[in-house]
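**Q** Please read through the structure below; I'll follow up with questions.
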Amino acid sequence: MKALVPVKRVIDYNVKPRVKADGSGVDLANVKMSMNPFDEIAVEEAVRLKEAGQIDEIVVVSIGPAKAQETLRAALAMGADSALLIETEEAIEPLAVAKMLKAVSGEVEPGLIILGKQAIDDDSNQTGQMLAGLMNLPQGTFASKVELEGDHVRVTREVDGGLETVRLSTPAIITTDLRLNEPRYASLPNIMKAKKKPLEIKTPADYGVDIAPRLKTLNVSEPPVRQAGVKVADVDELIARLKAMGVA
Amino acid sequence: MDFELPDEIRDFCEATRSIVNDLLPLERDFVETGVVPPIVRQTLIENGYFGMALPEEYGGLGLGALAQAAVQIELARLPPQFWTEIRPLMGPGAKNIAYHCTEAQKELLIPGMTTGEIPVAFALTEPGSGSDPGSMRTTATRNADGWVINGSKTYISNGKNAKYVTVYAYTDKSAGPRGGISAFLMPADTPGFAVTGVIELMGTSPAVYELTFDECQVGPDALIGEEGKGFHYALECLNEGRMNVGATAVGMGEYALELATEEAKVRPAFGSVIADFQAIRHYLAGMATDMRAARLILLDAAWRYDQGEKRRELASMAKLFATEAGSRTVDTALQIYGGAGYCKGYAIERLYRDIRITRIYEGSSEIQKNTIARELLR
Amino acid sequence: MKTLVYVAHDNVHLGDATLATVTAASKLGEVHLLVAGAGCGAVAEAASRIAGIGKVHVADDAACEHQLAENIAPLIAGLMTDHDAVLFPATTTGKNIAPRVAALLDVMQISDILSVEGERTFTRPIYAGNAIATVESSDAKLVITVRGTAFDKAEAEGGAAEIAAVASTDDAGKSSFVSAELAKSERPELTSAKIIVSGGRALKDSATFENIVMPLADKLGAGVGASRAAVDAGYVPNDYQVGQTGKIVAPEVYIAIGISGAIQHLAGMKDSKTIIAINKDEDAPIFQVADIGLVADLYQAVPELTAAL
């Protein structure tokens with residue numbers, strides 16, 4: 001069985017984004033970019049399934065700028081076998097991404113498609129579910145545990161009240177939550193090996209997908225700033241204030 | 001002219017940075033207990049760091065000087081005790097083995113060196129002969145069974161844990177250092193060999209050791225390479241050792257600059273933050289300029305080395321400038337931190353102690369200047 | 001505009017998150033509700049009493065029991081011939097189903113809206129709440145998820161809407177529910193709690209968390225939350241997590257204990273009405289958003305506070 005893992009190049013988790021003064025977006029010039037953390041978890045899960053002998057081959061795909069090759073190389077260094085970049089400088093919305101991934105899946109024929117639950121730039125949390133809808137496949141979103149059982153996969157999901165387990169027929173779509181695993185480091189020897197793994201480059205036109213955006217961003221602004229309040233000297237003063245608020 | 005690091009090396013740096021960021025919180029455990037958590041060594045081994053400089057055919061990665069320097073810059077953010085075991089695996093000791101040992105010796109040692117199973121010490125320095133190895137007193141005398149080694153060495157990293165020691169000894173005092181010193185590979189369980197002293201250091205670096213060789217009998221196959229070439233072997237890898245120390249200073253200095261910049265932006269004073277004051281801004285500007293120059297001179301020397309331009313003065317200039325600039329930067333960073341920088345538990349305090357040695361070992365700043373001047377006036 | 005709101009429920013109770021979603025929908029036009037479940041009559045009844053709504057559609061069918069997206073999405077897509085917009089509470093169930101509906105309708109979803117700025121214009125957080133985007137949709141139909149804390153709750157009583165049964169689509173046969181392991185707690189649920197007491201990494205371990213945070217929460221009748229660091233360190237399960245990757249909360253009072261205030265945590269609680277922080281480190285970023293801060297050792301201050309209440 002093959003696994004397909006889409007990965008996105010996004011602003012690094014540790015960088016605080018700055019909104020551009022003209023309200024056109026977030027300033028990404030000279031900002032450190034990395035693989036979306038949830039996608040890293042997705043790659044790790046695929047690699048673990050491969051190490052367990054349940055997956056034979058891992059294909060990673062990214063839709064984004066030429067620099068996204070670095071992100072794909074990072075996935076290859078973690079253990080993916082081959083990579084595909086659908087190169088575009090445009091910002092592609094989740095719906096168009098899902099359509100392209102559907103086309104890619106038609107070529108790769110994966111048994112599992114594992115995606116991050118959301119990208120930490122647009123925070124949409126849509127692509128996996130949309131892909132499942134477009135392909136009419138079952139979906140196990142926000143996964144904290146994935147167990148392959150023959151032609152089915154059992155997925156434990158993080159839901160608001162706790163955990164929920166569902167059983168899906170394969171092929172299936174899985175989106176990862178934080179606790180699914182802890183991604184490994186790209187080790188120095190694996191970075192060297194990754195250089196020799198295949199990385200193919202295509203364009204959205206190769207898949208005939210309309211990438212015109214459906215949403216127009218009118219403005220991007222800073223969130224309202226919360227002002228710091230007062231510091232109290234001791235517990236007694238804190239209690240007095242709580243009482244004044246009617247809390248205690 | 002392209003000043004960007006090659007993709008692969010940049011990937012090494014990024015991977016190393018994420019490992020370093022994950023290991024840094026363990027510094028607190030280390031400071032409290034004095035013991036490096038075992039996960040640190042395990043992580044570095046698993047991710048290939050022990051084998052960086054060792055040849056690929058024996059399980060290493062065979063990285064060049066530029067890659068090693070770039071990675072060392074990242075590793076140097078960690079307390080030295082976390083990574084110091086890698087130093088002998090990158091420096092002259094390991095290179096002696098890689099370049100001049102027999103196939104049998106290499107197969108015996110190098111795979112175990114890359115996995116951390118065979119720690120090796122590099123024993124050149126002696127009491128009273130730090131910058132002048134030619135004045136060493138250790139001797140190796142040939143007998144029917146091979147060689148008998150007598151003498152003592154000091155400031156030897158890894159001396160206590162090593163399973164093998166590369167020892168430099170006079171085999172023919174009358175021939176002088178060039179021609180008279182040979183290198184030997186001696187198992188640490190050789191009778192007569194002993195760790196006779198532990199020298200605690202100012203920094204968080206682990207202790208270094210004093211080693212004594214009392215009638216240590218080794219076989220004829222213990223000789224590394226050719227008889228009389230030991231001094232030559234030790235010197236041929238000096239550039240690499242020096243660039244490694246330069247990289248350490250760049251890493252420590254850049255880290256201090258980062259910490260000080262962040263501190264300046266949040267530290268309140270007189271109704272403002274200290275980054276608003278020109279004195280602090282000029283400090284930061286000077287530090288940033290120093291560290292940028294240090295990084296460039298170091299990476300330039302390493303890149304040229306990889307291209308075959310192994311001019312000794314380039315490595316010396318890189319080490320000299322990087323360690324002096326790094327030290328200035330750490331010192332000023334502590335000044336910016338004020339009293340907090342002098343307190344245990346702040347990284348600046350640790351960097352202040354640790355960077356001091358970089359101006360001394362692998363050739364002091366004064367020795368580097370001698371080398372630079374000698375090449376200039378040649 | 002005719003809108004459809006997906007009702008959050010567990011087949012027995014109507015979920016609180018529904019009410020804020022109704023408020024958001026009412027800004028667009030007429031509000032219809034959909035209750036999809038099995039044996040969910042009581043929920044439909046409750047839904048019909050929400051003030052200001054038009055009609056409650058009920059799909060009461062075994063295929064809908066666990067609200068599996070594979071079965072619910074086609075049902076909603078079918079109902080969209082008569083509706084212009086569908087709004088889901090941004091709960092895990094809503095977030096699971098909505099994009100699948102959007103894909104079936106060939107619509108680009110608008111996630112986690114904070115406000116309605118016009119018929120097709122909304123604001124939503126991006127970059128973990130570090131920026132707010134105003135977006136305008138050009139799609140014929142709207143598929144939206146709504147951040148519950150950003151809208152007032154509609155009145156739960158006062159309406160008397162018609163309840164109409166709709167036929168469920170069949171079980172898609174691709175997925176099945178196996179089990180649920182829901183945290184049982186006497187304490188209020190985080191997203192609806194009026195007071196939340198949250199603990200951070202400084203709590204050291206799960207026993208300490210239990211001994212320090214829980215008694216205070218019980219005294220105040222508060223829900224209990226935690227920072228991601230505390231969850232990662234294993235002090236409490238993940239469903240306690242408040243933050244960008246956990247729950248987004250906006251209670252009347254949020255008490256942060258031993259939480260430094262990483263951006264990702266602030267993103268989950270900074271809309272709380274009053275934030276109280278107790279932390280040993282006076283430079284902790286949490287104090288930059290706290291209305292009331294106490295610089296103190298939590299091991300002394302919190303038990304003292306609990307005892308005095």
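Starting from 1 in every chain, residues are counted up; chains themselves are A, B, ... following the order of the structure tokens, and ligands are numbered from 1 as listed.
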Neighbouring residues of Gly94 (chain C) were defined as those with any atom within 10 Å, considering only C-alpha atoms; residues of the same chain fewer than 4 positions away were excluded. Please report them as a list in words.

**A**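 The filter keeps Tyr6, Val7, Ala8, Gln67, Ala69, Leu87, Phe88, Pro89, Ala90, Ala98, Pro99, Ile144, Thr145 and Val146 of chain C.
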
**Q** Dump as a ChimeraX atom specification the residues of chain C that approach chain B to within 12 Å, counting only C-alpha atoms.

**A** /C:282-285,288

**Q** Which residue gives the smallest distance to chain C among A:Glu87, A:Asp81, A:Glu200, A:Asp12, with only C-alpha atoms counted?

**A**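 Selected residue with least distance to chain C: A:Asp12.
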
**Q** Which residues are near Glu14 (chain B)? Cut-off 12 Å, only C-alpha atoms, ignore same chain within fewer than 5 positions. Put them as a PyMOL selection string.

**A** (chain A and resi 12+32-35+70-71+74+185-188+191) or (chain B and resi 5+7-9+19-21+70-71+73-75)

**Q** At what distance in Å, to one decimal, does CA of Asp271 (chain C) lie from CA of Val235 (chain A)?

**A**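 So the answer is 24.4 Å.
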
**Q** Per residue of chain A within 7 Å of chain C, which atom pair is closest and at what distance in Å (one decimal), using only C-alpha atoms, listed by chain and increasing number, as a tab-separated table?

**A**
residue	atom	partner	partner_atom	distance
A:Pro17	CA	C:Asn130	CA	6.6
A:Val19	CA	C:Ala131	CA	6.6
A:Leu95	CA	C:Met108	CA	5.8
A:Ile120	CA	C:Tyr127	CA	5.8
A:Asp121	CA	C:Tyr127	CA	4.6
A:Asp122	CA	C:Ile126	CA	4.9
A:Asp123	CA	C:Ile126	CA	5.7
A:Ser124	CA	C:Ser111	CA	5.7
A:Gln126	CA	C:Pro99	CA	5.2
A:Gln129	CA	C:Arg100	CA	5.0
A:Met130	CA	C:Arg100	CA	4.7
A:Ala132	CA	C:Arg100	CA	6.9
A:Gly133	CA	C:Arg100	CA	4.8
A:Leu134	CA	C:Ala103	CA	5.9
A:Pro138	CA	C:Lys174	CA	5.5
A:Thr141	CA	C:Asn96	CA	6.6
A:Val159	CA	C:Thr92	CA	5.5
A:Asp160	CA	C:Thr92	CA	5.9
A:Gly161	CA	C:Leu182	CA	5.3
A:Gly162	CA	C:Leu182	CA	4.4
A:Leu163	CA	C:Glu181	CA	5.0
A:Glu164	CA	C:Ala180	CA	4.2
A:Thr165	CA	C:Ser179	CA	5.1
A:Val166	CA	C:Phe177	CA	4.5
A:Arg167	CA	C:Ser176	CA	5.2
A:Leu168	CA	C:Ser175	CA	4.4
A:Ser169	CA	C:Lys174	CA	5.5
A:Arg214	CA	C:Ser138	CA	5.4
A:Leu215	CA	C:Ser137	CA	4.6
A:Lys216	CA	C:Glu136	CA	5.0
A:Thr217	CA	C:Val135	CA	4.4
A:Leu218	CA	C:Thr134	CA	5.4
A:Asn219	CA	C:Thr134	CA	5.1
A:Val220	CA	C:Ala133	CA	4.3
A:Ser221	CA	C:Ile132	CA	5.2
A:Glu222	CA	C:Ala131	CA	4.9
A:Pro223	CA	C:Ala131	CA	5.6
A:Arg226	CA	C:Val289	CA	5.5
A:Gln227	CA	C:Val289	CA	5.9
A:Ala228	CA	C:Gln288	CA	4.6
A:Gly229	CA	C:Asp291	CA	3.9
A:Val230	CA	C:Ile292	CA	5.1
A:Lys231	CA	C:Gly293	CA	4.4
A:Val232	CA	C:Leu294	CA	5.3
A:Ala233	CA	C:Leu294	CA	6.6
A:Asp234	CA	C:Leu294	CA	6.7
A:Val235	CA	C:Leu305	CA	6.1
A:Ala248	CA	C:Leu309	CA	6.2

**Q** As a ChimeraX atom specification, which residues of region 60-133 of chain C does DSSP assign to helix (DSSP H, G or I)?

**A** /C:62-64,69-79,92-105,127-129

**Q** Excluding Thr125 (chain B) and its own-chain neighbours fewer than 3 positions away, which residues fall within 10 Å of it when counting only C-alpha atoms? Please give them as a ChimeraX atom specification.

**A** /B:122,128-136,152-156,167-168,210

**Q** Take the residues that were just selected and, keeping C-alpha atoms, output them as a PDB file, in the first residue's frame.

**A**
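New file part_26.pdb:
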ATOM      1  CA  PHE B 122      44.198  12.424  21.134  1.00  0.00           C
ATOM      2  CA  GLY B 128      55.231  22.427  29.725  1.00  0.00           C
ATOM      3  CA  SER B 129      54.838  21.895  25.991  1.00  0.00           C
ATOM      4  CA  GLY B 130      51.433  23.330  25.136  1.00  0.00           C
ATOM      5  CA  SER B 131      52.276  25.592  22.240  1.00  0.00           C
ATOM      6  CA  ASP B 132      55.550  23.862  21.517  1.00  0.00           C
ATOM      7  CA  PRO B 133      54.871  20.182  20.945  1.00  0.00           C
ATOM      8  CA  GLY B 134      58.443  19.708  19.694  1.00  0.00           C
ATOM      9  CA  SER B 135      59.634  19.929  23.284  1.00  0.00           C
ATOM     10  CA  MET B 136      57.707  16.836  24.292  1.00  0.00           C
ATOM     11  CA  SER B 152      53.005  11.718  30.340  1.00  0.00           C
ATOM     12  CA  LYS B 153      50.382  13.890  28.640  1.00  0.00           C
ATOM     13  CA  THR B 154      48.058  16.532  29.977  1.00  0.00           C
ATOM     14  CA  TYR B 155      44.842  18.448  29.154  1.00  0.00           C
ATOM     15  CA  ILE B 156      43.580  15.386  27.315  1.00  0.00           C
ATOM     16  CA  VAL B 167      49.899   8.990  21.481  1.00  0.00           C
ATOM     17  CA  TYR B 168      52.654  11.132  20.041  1.00  0.00           C
ATOM     18  CA  GLU B 210      46.478  13.809  32.807  1.00  0.00           C
TER      19      GLU B 210
END

**Q** Near Gly93 (chain B), counting only C-alpha atoms, which residues have an atom at most 9 Å away, once you skip same-chain residues fewer than 3 positions from it, shown as a compact mmCIF listing (two decimals) with N, CA and C atoms, in the first residue's frame?

**A**
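Writing done, so here's around11.txt:
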# COMPACT_ATOMS: atom_id res chain seq x y z
N PRO B 88 37.09 15.51 19.43
CA PRO B 88 38.21 14.68 18.96
C PRO B 88 37.86 13.87 17.70
N LEU B 89 36.56 13.72 17.43
CA LEU B 89 36.16 12.97 16.24
C LEU B 89 36.24 13.82 14.98
N MET B 90 36.38 15.14 15.19
CA MET B 90 36.48 16.04 14.04
C MET B 90 37.91 16.54 13.86
N ASN B 96 44.11 11.64 11.94
CA ASN B 96 45.28 10.76 11.92
C ASN B 96 44.86 9.33 11.63
N ILE B 97 43.77 8.93 12.29
CA ILE B 97 43.29 7.57 12.09
C ILE B 97 42.75 7.40 10.68
N ALA B 98 41.93 8.36 10.25
CA ALA B 98 41.31 8.24 8.94
C ALA B 98 42.34 8.28 7.81
N VAL B 120 37.79 7.81 21.53
CA VAL B 120 39.22 7.90 21.28
C VAL B 120 39.75 9.22 21.84
N ALA B 121 40.93 9.18 22.46
CA ALA B 121 41.57 10.41 22.93
C ALA B 121 42.80 10.69 22.07
N PHE B 122 43.09 11.96 21.97
CA PHE B 122 44.20 12.42 21.13
C PHE B 122 45.23 13.05 22.08
N ALA B 123 46.34 12.32 22.29
CA ALA B 123 47.28 12.74 23.33
C ALA B 123 48.56 13.30 22.74
N VAL B 165 43.91 5.41 22.62
CA VAL B 165 44.56 6.71 22.72
C VAL B 165 45.56 6.82 21.58
N THR B 166 45.48 7.92 20.82
CA THR B 166 46.57 8.15 19.87
C THR B 166 47.62 8.97 20.61
N ALA B 234 50.32 15.39 12.97
CA ALA B 234 49.61 16.26 13.93
C ALA B 234 49.38 17.64 13.34
N CYS B 237 46.55 18.44 10.30
CA CYS B 237 45.12 18.61 10.60
C CYS B 237 44.85 19.81 11.50

**Q** Identify, with DSSP run on backbone atoms, the residues in region 3-158 of chain B assigned to strand (DSSP E or B), and express the list as a PyMOL selection string.

**A** chain B and resi 120-123+139-143+146-156

**Q** May I have the residues from that selection written out with C-alpha atoms, as a short mmCIF file (atom, residue, chain, number, x, y, z; two decimals), in the first residue's frame?

**A**
data_model
loop_
_atom_site.label_atom_id
_atom_site.label_comp_id
_atom_site.auth_asym_id
_atom_site.auth_seq_id
_atom_site.Cartn_x
_atom_site.Cartn_y
_atom_site.Cartn_z
CA VAL B 120 39.22 7.90 21.28
CA ALA B 121 41.57 10.41 22.93
CA PHE B 122 44.20 12.42 21.13
CA ALA B 123 47.28 12.74 23.33
CA THR B 139 59.35 8.46 24.08
CA ALA B 140 58.66 5.20 22.30
CA THR B 141 61.50 2.71 22.14
CA ARG B 142 61.52 -0.23 19.77
CA ASN B 143 61.95 -3.70 21.24
CA GLY B 146 57.04 -3.64 19.11
CA TRP B 147 57.33 -0.42 21.04
CA VAL B 148 57.54 0.64 24.66
CA ILE B 149 55.99 4.03 25.47
CA ASN B 150 57.06 6.14 28.45
CA GLY B 151 56.01 9.63 29.46
CA SER B 152 53.01 11.72 30.34
CA LYS B 153 50.38 13.89 28.64
CA THR B 154 48.06 16.53 29.98
CA TYR B 155 44.84 18.45 29.15
CA ILE B 156 43.58 15.39 27.32
#
